[in-house]
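Following: one structure in structure tokens, then a few remarks.
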Amino acid sequence: MKKQVWATVAGAVALACLSSQAMAQSRDLNIVSWGGAYQDGQKEVFFKPFNATGIKLTDEAWDGGLGVLRTKIKGGNSTWDVVQVEADELEVGCDEGLYEKLDVNKIGGAARYLPGTVHACGVGAIIYNLVLAYDGDKLKAAPNGWTDFFDTKKIAGKRSIRNGAKWNLEVALIADGVSAKDVYKVLRTPEGVERAFKKLDTIKGDLVFWKSGAQPPQMLAAGDVVMTTAYNGRITAANEKDKKNFKMVWKDTPYTMDSWVIMKGTPLKANAEKLVEFLGRPENQAKLPKYVRYGVTAVAATPLIDKSLMGELPTNPEIHKQAFAEDVKFWIDNGDKLAERWTKWAGTK
Amino acid sequence: MSTRQRFSLLLPLSGFLLVFFVAPLVWLLSLAVREAEVPRALPRTLAVLQTWQPGQALPPKVFPDLAQDLVEARAASTLADAARRLNYEVGGVRSSLMRAAREVGSAVPDTVFGAEFFNAVDPALASPEFFAAVQRARGPVSSYYLLAAFDLARNAKGEIERVSEANRIYIDVLMRTLGISLSVTLLCLLLGFPVAMLLTQVTAKTADWLMILVLLPFWTSLLVRTAAWVVVLQREGMVNTLLMHLGVISEPLTLIYNRTGVLIAMTHVLLPFMILPLYGVLKGIPPHYMRAATSLGAPPVVAFFRVYLPMAAPAIMAGSLMVFILAMGYYITPALVGGGSDQMLSYFVATYTTDTGNWGLASALGLMMLVTTLALYAVAHKLSGGRALSMG
């Protein structure tokens, strides 16, 4: 009887291995993005037209996290081929060998993309800002920037910020008088971190935290907060979809970039490269801002974008020059310690 | 059937448990003490540091060896893991190490990789603190993650001390987890006991209907129930709208994204786990005991406390333990309806496994939770005279 059991087990295992292997070879190309209205837009602009070129493409959504990617690679047999990752995931994942090295000539050449958007392991997908947003119908006097965000006497009421150290420490320092270009220099010193937390302390009683990017527009709409930090695309989307009159302040806001990477060891590498090339074509990218107001990375895309959309686009030169770039290296090095510190800070009254 | 044959019938289950439960659990928990990254990436550096004591001058040979390790580890893709591990202890060295590896790789021939070279990349890389951290991570095991889970760390001299006030979180979080679990258990008992008692006293048909009311939420997905509470409790949600309409309150109450929301939602989710074991035991208590007590002159309250309650005690213990242990591991409900100060231990375990990939600390926190739960269980077992295991 024992023998029979083992034979059955062995048979089942063998079958499972065989079928999963067969699946890996015959499966469709798979792209992973960030879901929601953003991915719906991507579907219209990129995924469906790419399907029409003859290579079958399926899409999935994720919420980020290097741990997830690491598990995919170490677990083997990952079904993810092309993934949109955040700046720190690009940097660290590349060092750890989670992504294929990118041959820029296969994705349209370096000259196609804005300077600084091509990386050894990935190429820029979108550029977006973390803006200060408020409801234009409820708040008549426009806040002038982070100084007013931290001034509860001038503008009373709750404010919401992302639950995490990233970007909050930066804007706290700016509100405290540090110029945007010196923010990371100050933050690299222990005194700078103290100073940022001290500044946050001054409005702690009026703070509400958000976790997902969909929350800030909801909180503004519900009247829970008078001002919030938010991803710029979400604010525009709320204005267009729900007929809101949300306004944004762009001055001294951090911007960052998500990138496309090809996962290490994918059996569909050639098609994945074709996909990334397709995603980088200016004529394709130019259609994205209509759905979500995020900046795109192909140089030739900007002139093709409808002028009426440029007013709220992070890559609009007028906006871009007011913003400052997130220092990815700073967060890779200090993220762990500051996350602990943030948790402690946010968890005590 | 011989005993052997009988045991052989258990073989598939024990085999399954061993392969899919015990082995992965042990492996995962062992991550809390294993140190593999640094010995894999920096073997030469560690060999030189073998006789070095923190406080002594660094052996000069350590720098060229570090340079060679960096180049080889970078080529073998093992450097990033080691750099991340060292960055936990010496903030900022992660990118410095990666940069140093690149610079060593692209240096002109005959470059001397001494202290000055590393000092130029980042003074931290030439500091005794950095090498002390390297040495502490030499493996094969270390107490780093376990200490970190208790807000402790070793200083450059190797002595254990508490981490800076601003970074002490996990003991607080453990206390918070225990506090929330205990509150939820008490609330469940308070709400569940009358229901279970009622179930035993109505007709079988009514009991069936009431049982369905208990089971229906039990069968509904946890996520759906939690999301429903968001709708009910939010600022412009049903509860606030109703209360404002009735004129009970003039300002909306803050019922969600705080402790109140967590307690309400978790109590609701876990209530069936209290009612079901309670019902199982209470059903078996013959009603004539209470009648006998009353006929002997005991007022109902006395009869309840002196006759009924002692017989219900094992069920109360079993139900409470079940709810408490389940509550200890809750993650999604506090994450959705809680605020920054309501997150429980599992939230941090999840963050460390999926976000930052710090499996060592995740395992250490998991171990902390497991040991706490087992210890509490043992106490409950002892207190109940070994009856905590029985479910009715």
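Numbering starts fresh at 1 for the residues of each chain in the structure tokens, the chains themselves are lettered A, B, ... in the order given, and ligands are numbered from 1 as they appear.
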
Interface, chain A side, toward chain B (7 Å; only C-alpha atoms) as a ChimeraX atom specification: /A:65-68,95-97,329,333-334,340-341,344,346-348

As a PyMOL selection string, list the residues of region 169-348 of chain A assigned to alpha helix (DSSP H) by DSSP on the backbone atoms of this structure. chain A and resi 169-175+183-187+190-201+215-221+232-242+269-280+282-285+317-320+328-347

Please give the complete set of residues from region 88-190 of chain B that DSSP, run on the backbone, assigns to strand (DSSP E), formatted as number ranges by chain. B: 152-154, 160-162

Could you write out the selected residues, including N, CA, C and O atoms, as an mmCIF file, in the first residue's frame?
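As written to disk, selection28.cif reads:
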data_model
loop_
_atom_site.group_PDB
_atom_site.id
_atom_site.type_symbol
_atom_site.label_atom_id
_atom_site.label_comp_id
_atom_site.auth_asym_id
_atom_site.auth_seq_id
_atom_site.Cartn_x
_atom_site.Cartn_y
_atom_site.Cartn_z
ATOM 1 N N LEU B 152 16.509 46.187 20.821
ATOM 2 C CA LEU B 152 17.870 46.184 21.340
ATOM 3 C C LEU B 152 18.857 46.089 20.182
ATOM 4 O O LEU B 152 18.507 45.657 19.091
ATOM 5 N N ALA B 153 20.097 46.495 20.437
ATOM 6 C CA ALA B 153 21.136 46.359 19.423
ATOM 7 C C ALA B 153 22.474 46.288 20.122
ATOM 8 O O ALA B 153 22.591 46.653 21.293
ATOM 9 N N ARG B 154 23.469 45.775 19.403
ATOM 10 C CA ARG B 154 24.813 45.772 19.962
ATOM 11 C C ARG B 154 25.528 47.036 19.523
ATOM 12 O O ARG B 154 25.416 47.447 18.372
ATOM 13 N N ILE B 160 25.166 44.832 24.493
ATOM 14 C CA ILE B 160 23.761 45.012 24.129
ATOM 15 C C ILE B 160 23.229 46.270 24.801
ATOM 16 O O ILE B 160 23.415 46.474 26.000
ATOM 17 N N GLU B 161 22.595 47.122 24.009
ATOM 18 C CA GLU B 161 21.936 48.279 24.608
ATOM 19 C C GLU B 161 20.659 48.571 23.844
ATOM 20 O O GLU B 161 20.445 48.054 22.748
ATOM 21 N N ARG B 162 19.789 49.395 24.452
ATOM 22 C CA ARG B 162 18.525 49.707 23.791
ATOM 23 C C ARG B 162 18.784 50.661 22.629
ATOM 24 O O ARG B 162 19.696 51.480 22.682
#

Could you list, as a list in words, every residue within 8 Å of region 82-85 of chain A, counting only C-alpha atoms and ignoring same-chain residues fewer than 3 positions away? Asn30, Ile31, Val32, Ser33, Trp34, Gly64, Glu89, Leu90, Ala125, Asp258, Ser259, Trp260, Val261, Ile262, Met263, Ala272 and Val276 of chain A

What's the 8 Å shell around Ala323 (chain A), counting only C-alpha atoms, without same-chain residues fewer than 6 positions away, as a list in words? Asn129, Trp250, Lys251, Asp252, Thr253, Pro254 and Tyr255 of chain A

Just write the chosen residues, all heavy atoms, as a JSON list (two decimals), in the first residue's frame.
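Saved result, again_21.json, follows:
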[["chain", "number", "residue", "atom", "x", "y", "z"],
["A", 129, "ASN", "N", 4.26, 63.96, -9.74],
["A", 129, "ASN", "CA", 4.59, 64.79, -8.58],
["A", 129, "ASN", "C", 3.70, 64.46, -7.40],
["A", 129, "ASN", "O", 2.57, 64.02, -7.57],
["A", 129, "ASN", "CB", 4.37, 66.28, -8.90],
["A", 129, "ASN", "CG", 5.42, 66.84, -9.80],
["A", 129, "ASN", "OD1", 5.76, 66.22, -10.81],
["A", 129, "ASN", "ND2", 5.94, 67.99, -9.46],
["A", 250, "TRP", "N", 2.04, 73.43, -7.14],
["A", 250, "TRP", "CA", 3.17, 72.66, -7.67],
["A", 250, "TRP", "C", 4.51, 73.10, -7.11],
["A", 250, "TRP", "O", 5.51, 72.42, -7.26],
["A", 250, "TRP", "CB", 3.23, 72.79, -9.21],
["A", 250, "TRP", "CG", 2.06, 72.20, -9.92],
["A", 250, "TRP", "CD1", 0.89, 72.84, -10.21],
["A", 250, "TRP", "CD2", 1.94, 70.88, -10.45],
["A", 250, "TRP", "NE1", 0.05, 71.98, -10.88],
["A", 250, "TRP", "CE2", 0.68, 70.78, -11.05],
["A", 250, "TRP", "CE3", 2.79, 69.77, -10.47],
["A", 250, "TRP", "CZ2", 0.23, 69.62, -11.67],
["A", 250, "TRP", "CZ3", 2.35, 68.62, -11.09],
["A", 250, "TRP", "CH2", 1.08, 68.54, -11.68],
["A", 251, "LYS", "N", 4.52, 74.29, -6.47],
["A", 251, "LYS", "CA", 5.79, 74.86, -6.05],
["A", 251, "LYS", "C", 6.48, 73.95, -5.03],
["A", 251, "LYS", "O", 5.88, 73.52, -4.05],
["A", 251, "LYS", "CB", 5.55, 76.24, -5.43],
["A", 251, "LYS", "CG", 6.80, 77.08, -5.37],
["A", 251, "LYS", "CD", 6.50, 78.46, -4.83],
["A", 251, "LYS", "CE", 6.66, 78.45, -3.33],
["A", 251, "LYS", "NZ", 6.28, 79.69, -2.69],
["A", 252, "ASP", "N", 7.75, 73.64, -5.29],
["A", 252, "ASP", "CA", 8.58, 72.83, -4.38],
["A", 252, "ASP", "C", 7.98, 71.46, -4.08],
["A", 252, "ASP", "O", 8.03, 70.98, -2.96],
["A", 252, "ASP", "CB", 8.80, 73.57, -3.05],
["A", 252, "ASP", "CG", 9.71, 74.77, -3.22],
["A", 252, "ASP", "OD1", 10.47, 74.79, -4.21],
["A", 252, "ASP", "OD2", 9.65, 75.69, -2.38],
["A", 253, "THR", "N", 7.37, 70.86, -5.07],
["A", 253, "THR", "CA", 6.85, 69.51, -4.85],
["A", 253, "THR", "C", 7.85, 68.49, -5.38],
["A", 253, "THR", "O", 8.51, 68.72, -6.39],
["A", 253, "THR", "CB", 5.50, 69.30, -5.56],
["A", 253, "THR", "OG1", 5.66, 69.59, -6.95],
["A", 253, "THR", "CG2", 4.43, 70.17, -4.97],
["A", 254, "PRO", "N", 7.99, 67.34, -4.69],
["A", 254, "PRO", "CA", 8.90, 66.32, -5.19],
["A", 254, "PRO", "C", 8.30, 65.58, -6.38],
["A", 254, "PRO", "O", 7.10, 65.36, -6.44],
["A", 254, "PRO", "CB", 9.04, 65.37, -4.00],
["A", 254, "PRO", "CG", 7.83, 65.58, -3.17],
["A", 254, "PRO", "CD", 7.33, 66.97, -3.43],
["A", 255, "TYR", "N", 9.17, 65.25, -7.33],
["A", 255, "TYR", "CA", 8.68, 64.41, -8.43],
["A", 255, "TYR", "C", 9.54, 63.16, -8.48],
["A", 255, "TYR", "O", 10.68, 63.13, -8.01],
["A", 255, "TYR", "CB", 8.66, 65.14, -9.77],
["A", 255, "TYR", "CG", 10.01, 65.43, -10.38],
["A", 255, "TYR", "CD1", 10.64, 64.50, -11.22],
["A", 255, "TYR", "CD2", 10.65, 66.64, -10.15],
["A", 255, "TYR", "CE1", 11.87, 64.77, -11.78],
["A", 255, "TYR", "CE2", 11.88, 66.93, -10.71],
["A", 255, "TYR", "CZ", 12.49, 65.99, -11.51],
["A", 255, "TYR", "OH", 13.71, 66.25, -12.07]]

Taking 2 positions as the minimum chain separation for residues in the same chain, which residues sit within 12 Å of region 50-59 of chain A when counting only C-alpha atoms? Answer as a ChimeraX atom specification. /A:26-35,39-40,42-48,61-62,79-84,268,270-281,284

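Distance annotation: of B:Thr200, B:Asn155, B:Gln135, B:Thr206, the residue with the minimal separation from Val281 (chain B) is B:Thr200; atom set is only C-alpha atoms.
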
Taking 2 positions as the minimum chain separation for residues in the same chain, which residues sit within 9 Å of Lys166 (chain A) when counting only C-alpha atoms? Answer as a PyMOL selection string. chain A and resi 162-164+168-170+331+335+338-339

Shell around Cys121 (chain A) at 7 Å using only C-alpha atoms, local window under 6 positions removed, as a PyMOL selection string: chain A and resi 94+99-102+261

Go ahead and write the residues just picked, all heavy atoms, as a PDB file, in the first residue's frame.
ATOM      1  N   CYS A  94      17.947  46.189  -9.480  1.00  0.00           N
ATOM      2  CA  CYS A  94      18.985  46.065 -10.509  1.00  0.00           C
ATOM      3  C   CYS A  94      20.281  45.554  -9.875  1.00  0.00           C
ATOM      4  O   CYS A  94      20.917  44.644 -10.384  1.00  0.00           O
ATOM      5  CB  CYS A  94      19.197  47.417 -11.179  1.00  0.00           C
ATOM      6  SG  CYS A  94      20.242  47.353 -12.627  1.00  0.00           S
ATOM      7  N   TYR A  99      16.384  41.986 -12.457  1.00  0.00           N
ATOM      8  CA  TYR A  99      15.907  42.359 -13.790  1.00  0.00           C
ATOM      9  C   TYR A  99      16.936  42.005 -14.851  1.00  0.00           C
ATOM     10  O   TYR A  99      18.130  41.925 -14.579  1.00  0.00           O
ATOM     11  CB  TYR A  99      15.626  43.865 -13.868  1.00  0.00           C
ATOM     12  CG  TYR A  99      14.912  44.437 -12.677  1.00  0.00           C
ATOM     13  CD1 TYR A  99      15.383  45.574 -12.034  1.00  0.00           C
ATOM     14  CD2 TYR A  99      13.752  43.830 -12.186  1.00  0.00           C
ATOM     15  CE1 TYR A  99      14.729  46.106 -10.929  1.00  0.00           C
ATOM     16  CE2 TYR A  99      13.093  44.354 -11.089  1.00  0.00           C
ATOM     17  CZ  TYR A  99      13.591  45.490 -10.460  1.00  0.00           C
ATOM     18  OH  TYR A  99      12.945  46.011  -9.371  1.00  0.00           O
ATOM     19  N   GLU A 100      16.444  41.841 -16.076  1.00  0.00           N
ATOM     20  CA  GLU A 100      17.348  41.682 -17.206  1.00  0.00           C
ATOM     21  C   GLU A 100      18.014  43.028 -17.469  1.00  0.00           C
ATOM     22  O   GLU A 100      17.403  44.080 -17.302  1.00  0.00           O
ATOM     23  CB  GLU A 100      16.549  41.282 -18.461  1.00  0.00           C
ATOM     24  CG  GLU A 100      15.914  39.907 -18.383  1.00  0.00           C
ATOM     25  CD  GLU A 100      16.909  38.777 -18.625  1.00  0.00           C
ATOM     26  OE1 GLU A 100      18.019  39.060 -19.122  1.00  0.00           O
ATOM     27  OE2 GLU A 100      16.561  37.627 -18.314  1.00  0.00           O
ATOM     28  N   LYS A 101      19.286  42.975 -17.889  1.00  0.00           N
ATOM     29  CA  LYS A 101      19.925  44.231 -18.306  1.00  0.00           C
ATOM     30  C   LYS A 101      19.273  44.652 -19.616  1.00  0.00           C
ATOM     31  O   LYS A 101      18.947  43.829 -20.468  1.00  0.00           O
ATOM     32  CB  LYS A 101      21.421  44.017 -18.515  1.00  0.00           C
ATOM     33  CG  LYS A 101      22.168  43.772 -17.204  1.00  0.00           C
ATOM     34  CD  LYS A 101      22.591  45.083 -16.560  1.00  0.00           C
ATOM     35  CE  LYS A 101      23.402  44.917 -15.287  1.00  0.00           C
ATOM     36  NZ  LYS A 101      22.676  44.395 -14.129  1.00  0.00           N
ATOM     37  N   LEU A 102      19.069  45.958 -19.736  1.00  0.00           N
ATOM     38  CA  LEU A 102      18.309  46.452 -20.874  1.00  0.00           C
ATOM     39  C   LEU A 102      19.246  46.891 -22.001  1.00  0.00           C
ATOM     40  O   LEU A 102      20.169  47.664 -21.768  1.00  0.00           O
ATOM     41  CB  LEU A 102      17.459  47.634 -20.396  1.00  0.00           C
ATOM     42  CG  LEU A 102      16.169  47.914 -21.128  1.00  0.00           C
ATOM     43  CD1 LEU A 102      15.232  46.718 -21.029  1.00  0.00           C
ATOM     44  CD2 LEU A 102      15.508  49.131 -20.527  1.00  0.00           C
ATOM     45  N   VAL A 261      10.612  47.465 -16.233  1.00  0.00           N
ATOM     46  CA  VAL A 261      11.741  46.539 -16.192  1.00  0.00           C
ATOM     47  C   VAL A 261      11.293  45.204 -16.769  1.00  0.00           C
ATOM     48  O   VAL A 261      10.098  44.900 -16.808  1.00  0.00           O
ATOM     49  CB  VAL A 261      12.249  46.304 -14.752  1.00  0.00           C
ATOM     50  CG1 VAL A 261      12.811  47.569 -14.165  1.00  0.00           C
ATOM     51  CG2 VAL A 261      11.152  45.721 -13.868  1.00  0.00           C
TER      52      VAL A 261
END

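You will find CA of Gln68 (chain B) at 20.3 Å from CA of Arg136 (chain B).
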
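The shortest atom-to-atom distance to Leu130 (chain A), with only C-alpha atoms taken into account, belongs to A:Trp167 out of A:Trp167, A:Phe150, A:Tyr291, A:Trp342.
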
Looking at only C-alpha atoms, which of A:Ile332, A:Val208, A:Ala301, A:Ala237 is the one that sits closest to Ile256 (chain B)? A:Val208

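Reported to one decimal place, the separation of CA of Val118 (chain A) from CA of Asp122 (chain B) is 26.4 Å.
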
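Across the structure, CA of Ile212 (chain B) and CA of Arg291 (chain B) are spaced 29.1 Å apart.
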
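Minimum distance to Ala100 (chain B) across B:Asp69, B:Glu35, B:Asp151, B:Glu159 (counting only C-alpha atoms) occurs at B:Asp69.
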